[in-house]
Each structure stands twice: as structure tokens, then as C-alpha cells.
Amino acid sequence: MGNRSYLYLGKGGPNLFEANNSLPFFWISLLDKSILDNHKPAWEKYDQLEATENETAIDELLGNIPSPLDFAICRAAFDRNTARTTMFLEKHFPHLLPLYNDFVHYVASKFQEGDHVILSALEIAGFHASSVAFLQTLYAETGAIAHDTPTAVHYLFDDDLIASGIGFSSSDDFAGNSPAYREALKARNVVAAPAKGKQATPQKRSAFVTAFILILCPVFTYIVYRGYSKEGVSVTVVMLGLCNIGFYWLGISQLMAVIKGYKGGRR
């Protein structure tokens, strides 16, 4: 599954975007020094609890949703920081503006009165020497935007704008309305918002093959039985029996693979 990060709305609201083993730059652009300062004491406390392996206290700290370690971005901060980042990208990374603009407009459309957008990145902190060290990278990244220093940006890279830029949308609606997002997905060989019911999925095709094999198994068993009844133990009967065992083994293996595939698809 990897280490996940999430961008979601309000207190336990729906996920807007998510990422695996990365923290997208567009999300970080919603933060600023004051937001990081507000959450710094909680991150320092978490670091201390981790060092002492105080699991009970850690559970208490993380018991609420959002937790004190989740960065809360109000509408005013969202507008201010996205405007600043838009100018930064326009100057240094203009090719990213269509994707960033779609991201900003989509998130802005989800705000309700008094809402916050929540950035949850605790699992990503696990890639760093400490949680506080991770927090320092966020100070550096937001500082690169604030001080107009593109060479100091480390979270953004063009090779994968999904992992490093925007993350995966949790809604097909966004993919359907953002050509820039679909292009970013294609660049990493992921198909966005496939049409439902148009073609069989790999799991369905495997299920058909498995069903065919399992239907053949009793047919071969009957043939072996008939051969044994007429000829007794012969080379032909033995060969057919071995083939029958092989079909059973293949059918059961395929069945287990299909079951695993369906379980994985529902996660």
C-alpha cells in the first residue's frame, strides 16, 4: 500500500486528492509559515513521544480527526497562498499552470462556509530522520515559493506530475473536467476515468478462463473413469489421468488468482 498522504475537506470530510509515497507540491503550496508555526508544537511533541515509544500518548494525540499533526488551511489562507503560487509558477514553471489552475478551482469549489482543507502527511514523515526534520522540509519548500527561489524547490519534478504535483483525484468528475490532469495521468501510463461497461476488465477475462478450465475438469475425470473401466490401467489412461490432475491444479490456481484480484480491486 505504501505511505499515504491525503488532502480532504473539513472534519473527516471526503478526500479530494491522495498520494502514495509522496507529498505533492501543489498541496504544499497551500501552506505558509504561519500554518506550519501553528502545528509545529504538535509535531515536536509527536517526535518526543516517538523517541520514548509512548504508544498510549501517541494514540491520544492522533485520536481526533483531523489530528493536531494535520495541517488546516482556511479559505483566506487558501486564496492567499494559491495566488502567490500562481505567480511563482507563471514565472518559473508556466507549463504547470493549466494543471495548477484546475487543482485550485476544483478545491475552491468544495469549500463551504467555515470549512478548512486538511493536509494529512504523517505517513510521509516516516521517510525522514524525524518528524521535525520532515517539517523543516515544508518550511524550506514554502519558503522557496515565498522568496521566489525556484532552485530551492525539491518536491516538484516533471517526470511524474501526479506523484510530485497534484496527486490522484478521488473523484472521476475532476478527471473528466481537467484535460491537464488526464495528460499527466497518461504520462505515467495510467488511464483516467475509464468508460464503464465498455470492455471486460482483466479480472473478468481471467474469471471466464478459470470457469472454462473448471468445466473441463469433470469432463476429463469422466473420460479417465470410462477408460479405466474398459482398459484398466494403461498408458493412455495414466496420461489422461495426469492431464486431468493438471487441469484441476491449473483451475484452482487460476481461481485463487481471480479471488485475489477482486479483493485487491475493492481496496
# chains A, B, ... in the order shown; residues from 1 in each chain; ligands from 1
>>> residues_around(residues="stretch 134-138 of chain A", least_positions_apart="5", cutoff="9 Å", atoms="only C-alpha atoms", output="PyMOL selection string")
chain A and resi 28+31-33+36+40+43+124-129+143+154
>>> write_last_selection(atoms="C-alpha atoms", output="CSV table (one decimal), in the first residue's frame")
chain,number,residue,atom,x,y,z
A,28,ILE,CA,2.4,22.1,-0.1
A,31,LEU,CA,0.7,26.1,3.3
A,32,ASP,CA,2.7,29.0,4.6
A,33,LYS,CA,5.0,29.8,7.6
A,36,LEU,CA,3.5,25.5,9.9
A,40,LYS,CA,5.0,22.9,15.0
A,43,TRP,CA,5.0,17.8,15.6
A,124,ILE,CA,5.3,10.7,4.6
A,125,ALA,CA,7.2,12.0,7.7
A,126,GLY,CA,8.3,8.3,8.1
A,127,PHE,CA,10.7,8.8,5.2
A,128,HIS,CA,12.7,11.4,7.1
A,129,ALA,CA,15.1,11.1,10.1
A,143,GLY,CA,10.0,29.4,1.7
A,154,HIS,CA,12.7,19.9,-4.1
>>> residues_around(residues="A:Ile118", least_positions_apart="2", cutoff="12 Å", atoms="only C-alpha atoms", output="PyMOL selection string")
chain A and resi 5-18+27-28+30-31+35+65-75+78+107+111+115-116+120-121
>>> closest_atom_pairs(of="stretch 53-107 of chain A", to="stretch 174-178 of chain A", cutoff="12 Å", atoms="only C-alpha atoms", output="CSV")
residue,atom,partner,partner_atom,distance
A:Pro98,CA,A:Ser178,CA,8.7
A:Leu99,CA,A:Ser178,CA,7.6
A:Tyr100,CA,A:Ser178,CA,10.3
A:Asn101,CA,A:Ser178,CA,9.7
A:Asp102,CA,A:Ser178,CA,6.4
A:Phe103,CA,A:Phe174,CA,8.7
A:Val104,CA,A:Phe174,CA,11.4
A:His105,CA,A:Phe174,CA,10.2
A:Tyr106,CA,A:Phe174,CA,7.3
A:Val107,CA,A:Phe174,CA,10.0
>>> select_by_dssp(residues="stretch 49-209 of chain A", states="helix (DSSP H, G or I)", output="short mmCIF file (atom, residue, chain, number, x, y, z; two decimals) with N, CA and C atoms, in the first residue's frame")
data_model
loop_
_atom_site.label_atom_id
_atom_site.label_comp_id
_atom_site.auth_asym_id
_atom_site.auth_seq_id
_atom_site.Cartn_x
_atom_site.Cartn_y
_atom_site.Cartn_z
N LEU A 49 7.36 11.84 21.80
CA LEU A 49 6.63 10.62 22.14
C LEU A 49 7.15 9.42 21.35
N GLU A 50 7.52 9.65 20.10
CA GLU A 50 8.10 8.59 19.28
C GLU A 50 9.43 8.13 19.85
N ALA A 51 10.24 9.10 20.30
CA ALA A 51 11.55 8.77 20.85
C ALA A 51 11.43 7.91 22.11
N GLU A 55 3.30 4.73 23.19
CA GLU A 55 2.22 4.44 22.26
C GLU A 55 0.87 4.96 22.74
N THR A 56 0.64 4.90 24.05
CA THR A 56 -0.64 5.37 24.58
C THR A 56 -0.83 6.86 24.33
N ALA A 57 0.23 7.63 24.62
CA ALA A 57 0.16 9.08 24.42
C ALA A 57 0.07 9.42 22.93
N ILE A 58 0.73 8.63 22.09
CA ILE A 58 0.65 8.86 20.64
C ILE A 58 -0.78 8.63 20.15
N ASP A 59 -1.40 7.55 20.63
CA ASP A 59 -2.79 7.26 20.24
C ASP A 59 -3.72 8.39 20.66
N GLU A 60 -3.48 8.95 21.85
CA GLU A 60 -4.31 10.07 22.32
C GLU A 60 -4.11 11.30 21.45
N LEU A 61 -2.84 11.54 21.06
CA LEU A 61 -2.53 12.71 20.22
C LEU A 61 -3.20 12.60 18.86
N ARG A 75 -10.07 29.27 4.23
CA ARG A 75 -10.29 29.80 2.88
C ARG A 75 -9.41 31.01 2.59
N ALA A 76 -9.22 31.89 3.59
CA ALA A 76 -8.39 33.08 3.36
C ALA A 76 -6.95 32.68 3.06
N ALA A 77 -6.42 31.72 3.82
CA ALA A 77 -5.05 31.25 3.58
C ALA A 77 -4.95 30.54 2.23
N PHE A 78 -5.98 29.77 1.90
CA PHE A 78 -6.01 29.08 0.61
C PHE A 78 -5.92 30.08 -0.54
N ASP A 79 -6.75 31.11 -0.49
CA ASP A 79 -6.76 32.12 -1.56
C ASP A 79 -5.43 32.85 -1.64
N ARG A 80 -4.90 33.21 -0.49
CA ARG A 80 -3.65 33.96 -0.44
C ARG A 80 -2.48 33.13 -0.98
N ASN A 81 -2.37 31.90 -0.53
CA ASN A 81 -1.22 31.07 -0.90
C ASN A 81 -1.31 30.55 -2.33
N THR A 82 -2.50 30.28 -2.82
CA THR A 82 -2.62 29.84 -4.22
C THR A 82 -2.35 30.99 -5.19
N ALA A 83 -2.73 32.20 -4.80
CA ALA A 83 -2.44 33.37 -5.65
C ALA A 83 -0.93 33.57 -5.74
N ARG A 84 -0.26 33.41 -4.61
CA ARG A 84 1.20 33.56 -4.57
C ARG A 84 1.86 32.47 -5.42
N THR A 85 1.37 31.26 -5.31
CA THR A 85 1.96 30.15 -6.07
C THR A 85 1.69 30.28 -7.56
N THR A 86 0.52 30.79 -7.91
CA THR A 86 0.20 31.00 -9.33
C THR A 86 1.22 31.94 -9.97
N MET A 87 1.55 33.01 -9.29
CA MET A 87 2.56 33.94 -9.82
C MET A 87 3.93 33.27 -9.91
N PHE A 88 4.25 32.45 -8.91
CA PHE A 88 5.53 31.74 -8.89
C PHE A 88 5.62 30.77 -10.07
N LEU A 89 4.57 30.01 -10.30
CA LEU A 89 4.58 29.06 -11.42
C LEU A 89 4.57 29.77 -12.77
N GLU A 90 3.82 30.85 -12.85
CA GLU A 90 3.76 31.62 -14.10
C GLU A 90 5.14 32.12 -14.51
N LYS A 91 5.93 32.44 -13.52
CA LYS A 91 7.27 32.99 -13.78
C LYS A 91 8.29 31.89 -14.07
N HIS A 92 8.20 30.78 -13.35
CA HIS A 92 9.27 29.78 -13.42
C HIS A 92 8.84 28.43 -14.03
N PRO A 94 5.75 27.80 -16.19
CA PRO A 94 4.47 28.15 -16.84
C PRO A 94 3.71 26.96 -17.41
N HIS A 95 4.42 25.89 -17.76
CA HIS A 95 3.75 24.72 -18.33
C HIS A 95 2.87 24.01 -17.30
N LEU A 96 3.06 24.33 -16.02
CA LEU A 96 2.25 23.69 -14.97
C LEU A 96 0.98 24.46 -14.63
N LEU A 97 0.84 25.65 -15.19
CA LEU A 97 -0.31 26.49 -14.82
C LEU A 97 -1.67 25.86 -15.13
N PRO A 98 -1.88 25.25 -16.30
CA PRO A 98 -3.20 24.64 -16.54
C PRO A 98 -3.58 23.61 -15.48
N LEU A 99 -2.63 22.76 -15.12
CA LEU A 99 -2.90 21.74 -14.11
C LEU A 99 -3.12 22.37 -12.74
N TYR A 100 -2.30 23.36 -12.40
CA TYR A 100 -2.45 24.02 -11.09
C TYR A 100 -3.77 24.78 -11.01
N ASN A 101 -4.12 25.47 -12.08
CA ASN A 101 -5.38 26.22 -12.08
C ASN A 101 -6.58 25.28 -11.91
N ASP A 102 -6.54 24.13 -12.58
CA ASP A 102 -7.63 23.16 -12.42
C ASP A 102 -7.70 22.66 -10.98
N PHE A 103 -6.54 22.42 -10.39
CA PHE A 103 -6.48 21.98 -9.00
C PHE A 103 -7.08 23.02 -8.06
N VAL A 104 -6.68 24.27 -8.23
CA VAL A 104 -7.15 25.36 -7.37
C VAL A 104 -8.66 25.54 -7.51
N HIS A 105 -9.14 25.58 -8.74
CA HIS A 105 -10.57 25.79 -8.97
C HIS A 105 -11.40 24.65 -8.40
N TYR A 106 -10.89 23.43 -8.51
CA TYR A 106 -11.63 22.28 -8.00
C TYR A 106 -11.72 22.31 -6.47
N VAL A 107 -10.59 22.53 -5.82
CA VAL A 107 -10.59 22.57 -4.35
C VAL A 107 -11.44 23.74 -3.86
N ALA A 108 -11.30 24.91 -4.51
CA ALA A 108 -12.08 26.09 -4.11
C ALA A 108 -13.57 25.83 -4.22
N SER A 109 -13.97 25.04 -5.21
CA SER A 109 -15.40 24.77 -5.41
C SER A 109 -15.99 23.90 -4.31
N LYS A 110 -15.13 23.24 -3.55
CA LYS A 110 -15.60 22.33 -2.50
C LYS A 110 -15.73 23.02 -1.14
N LEU A 122 1.34 12.61 7.80
CA LEU A 122 2.14 11.97 8.85
C LEU A 122 2.91 10.76 8.32
N GLU A 123 2.29 9.97 7.46
CA GLU A 123 2.97 8.78 6.95
C GLU A 123 4.20 9.15 6.11
N ILE A 124 4.14 10.29 5.45
CA ILE A 124 5.29 10.73 4.63
C ILE A 124 6.46 11.13 5.52
N ALA A 125 6.15 11.59 6.74
CA ALA A 125 7.22 11.95 7.67
C ALA A 125 8.11 10.76 7.99
N SER A 131 10.25 13.49 12.60
CA SER A 131 9.08 14.26 12.17
C SER A 131 9.40 15.73 12.04
N VAL A 132 10.23 16.23 12.95
CA VAL A 132 10.63 17.64 12.90
C VAL A 132 11.48 17.90 11.66
N ALA A 133 12.33 16.93 11.29
CA ALA A 133 13.14 17.08 10.07
C ALA A 133 12.22 17.18 8.85
N PHE A 134 11.17 16.39 8.85
CA PHE A 134 10.19 16.47 7.76
C PHE A 134 9.54 17.85 7.73
N LEU A 135 9.16 18.35 8.90
CA LEU A 135 8.53 19.67 8.98
C LEU A 135 9.46 20.75 8.41
N GLN A 136 10.75 20.61 8.65
CA GLN A 136 11.71 21.59 8.13
C GLN A 136 11.73 21.60 6.61
N THR A 137 11.49 20.45 5.98
CA THR A 137 11.45 20.43 4.51
C THR A 137 10.24 21.22 4.00
N LEU A 138 9.16 21.23 4.78
CA LEU A 138 7.98 22.01 4.39
C LEU A 138 8.23 23.50 4.56
N TYR A 139 8.95 23.87 5.61
CA TYR A 139 9.35 25.27 5.76
C TYR A 139 10.20 25.70 4.57
N ALA A 140 11.13 24.82 4.17
CA ALA A 140 12.02 25.15 3.05
C ALA A 140 11.25 25.27 1.74
N GLU A 141 10.28 24.37 1.53
CA GLU A 141 9.54 24.37 0.26
C GLU A 141 8.62 25.60 0.15
N THR A 142 7.91 25.90 1.24
CA THR A 142 7.05 27.09 1.22
C THR A 142 7.89 28.35 1.16
N GLY A 143 9.08 28.30 1.77
CA GLY A 143 10.00 29.44 1.69
C GLY A 143 10.50 29.68 0.29
N ALA A 144 10.70 28.59 -0.47
CA ALA A 144 11.15 28.73 -1.86
C ALA A 144 10.12 29.49 -2.69
N ILE A 145 8.84 29.25 -2.41
CA ILE A 145 7.78 29.98 -3.12
C ILE A 145 7.73 31.43 -2.65
N ALA A 146 7.75 31.61 -1.33
CA ALA A 146 7.63 32.95 -0.76
C ALA A 146 8.78 33.86 -1.18
N PRO A 150 13.17 29.30 -7.26
CA PRO A 150 12.78 28.03 -7.88
C PRO A 150 13.82 26.92 -7.70
N THR A 151 15.09 27.28 -7.59
CA THR A 151 16.13 26.26 -7.43
C THR A 151 16.06 25.58 -6.07
N ALA A 152 15.33 26.16 -5.13
CA ALA A 152 15.19 25.57 -3.79
C ALA A 152 14.00 24.63 -3.69
N LEU A 161 4.09 14.27 -12.65
CA LEU A 161 3.33 15.38 -12.08
C LEU A 161 2.16 14.91 -11.23
N ILE A 162 1.85 13.62 -11.30
CA ILE A 162 0.83 13.08 -10.39
C ILE A 162 1.44 12.93 -9.00
N ALA A 163 2.54 12.22 -8.90
CA ALA A 163 3.17 11.99 -7.59
C ALA A 163 3.72 13.28 -7.00
N SER A 164 4.36 14.10 -7.82
CA SER A 164 5.05 15.27 -7.28
C SER A 164 4.25 16.56 -7.38
N GLY A 165 3.19 16.56 -8.20
CA GLY A 165 2.47 17.81 -8.41
C GLY A 165 1.10 17.87 -7.78
N ILE A 166 0.21 16.98 -8.20
CA ILE A 166 -1.20 17.12 -7.83
C ILE A 166 -1.76 15.94 -7.04
N ASP A 172 -13.98 10.99 -10.13
CA ASP A 172 -13.90 10.91 -11.59
C ASP A 172 -14.30 12.23 -12.25
N ASP A 173 -15.09 13.03 -11.54
CA ASP A 173 -15.54 14.30 -12.10
C ASP A 173 -14.36 15.21 -12.42
N PHE A 174 -13.37 15.23 -11.54
CA PHE A 174 -12.22 16.09 -11.77
C PHE A 174 -11.46 15.64 -13.01
N ALA A 175 -11.22 14.34 -13.11
CA ALA A 175 -10.50 13.81 -14.27
C ALA A 175 -11.26 14.12 -15.56
N GLY A 176 -12.58 14.04 -15.49
CA GLY A 176 -13.39 14.30 -16.67
C GLY A 176 -13.37 15.74 -17.11
N ASN A 177 -13.10 16.65 -16.17
CA ASN A 177 -13.14 18.08 -16.48
C ASN A 177 -11.77 18.74 -16.56
N PRO A 179 -8.39 18.38 -18.72
CA PRO A 179 -7.51 17.79 -19.73
C PRO A 179 -6.06 17.71 -19.25
N ALA A 180 -5.62 18.72 -18.48
CA ALA A 180 -4.24 18.73 -18.00
C ALA A 180 -3.99 17.55 -17.06
N TYR A 181 -4.97 17.22 -16.24
CA TYR A 181 -4.85 16.09 -15.32
C TYR A 181 -4.79 14.77 -16.10
N ARG A 182 -5.63 14.65 -17.11
CA ARG A 182 -5.62 13.43 -17.92
C ARG A 182 -4.28 13.27 -18.64
N GLU A 183 -3.72 14.37 -19.09
CA GLU A 183 -2.41 14.30 -19.74
C GLU A 183 -1.34 13.85 -18.76
N ALA A 184 -1.41 14.35 -17.53
CA ALA A 184 -0.44 13.95 -16.50
C ALA A 184 -0.57 12.46 -16.19
N LEU A 185 -1.80 11.97 -16.17
CA LEU A 185 -2.01 10.54 -15.95
C LEU A 185 -1.46 9.71 -17.11
N LYS A 186 -1.71 10.16 -18.33
CA LYS A 186 -1.21 9.42 -19.49
C LYS A 186 0.31 9.36 -19.48
N ALA A 187 0.93 10.42 -19.01
CA ALA A 187 2.39 10.48 -18.98
C ALA A 187 2.98 9.40 -18.08
N PRO A 202 -9.42 -7.10 -16.77
CA PRO A 202 -8.56 -8.28 -16.71
C PRO A 202 -9.12 -9.33 -15.75
N GLN A 203 -9.71 -8.89 -14.61
CA GLN A 203 -10.26 -9.84 -13.66
C GLN A 203 -11.40 -10.65 -14.30
N LYS A 204 -12.27 -9.96 -15.08
CA LYS A 204 -13.39 -10.66 -15.71
C LYS A 204 -12.89 -11.66 -16.74
N ARG A 205 -11.89 -11.23 -17.54
CA ARG A 205 -11.36 -12.16 -18.54
C ARG A 205 -10.76 -13.39 -17.87
N SER A 206 -10.04 -13.19 -16.75
CA SER A 206 -9.46 -14.31 -16.01
C SER A 206 -10.54 -15.21 -15.46
N ALA A 207 -11.64 -14.61 -15.02
CA ALA A 207 -12.75 -15.40 -14.48
C ALA A 207 -13.34 -16.31 -15.55
N PHE A 208 -13.47 -15.80 -16.79
CA PHE A 208 -14.01 -16.61 -17.88
C PHE A 208 -13.09 -17.80 -18.17
N VAL A 209 -11.77 -17.54 -18.22
CA VAL A 209 -10.81 -18.61 -18.48
C VAL A 209 -10.87 -19.66 -17.38
#
>>> atom_distance(atom1="atom CA of A:Gly63", atom2="atom CA of A:Ser34")
24.1 Å
>>> atom_distance(atom1="atom CA of A:Glu231", atom2="atom CA of A:Ile215")
25.1 Å
>>> atom_distance(atom1="atom CA of A:Ser169", atom2="atom CA of A:Ala19")
8.9 Å
>>> select_by_dssp(residues="stretch 48-98 of chain A", states="strand (DSSP E or B)", output="list in words")
Phe71, Ala72, Ile73 and Cys74 of chain A
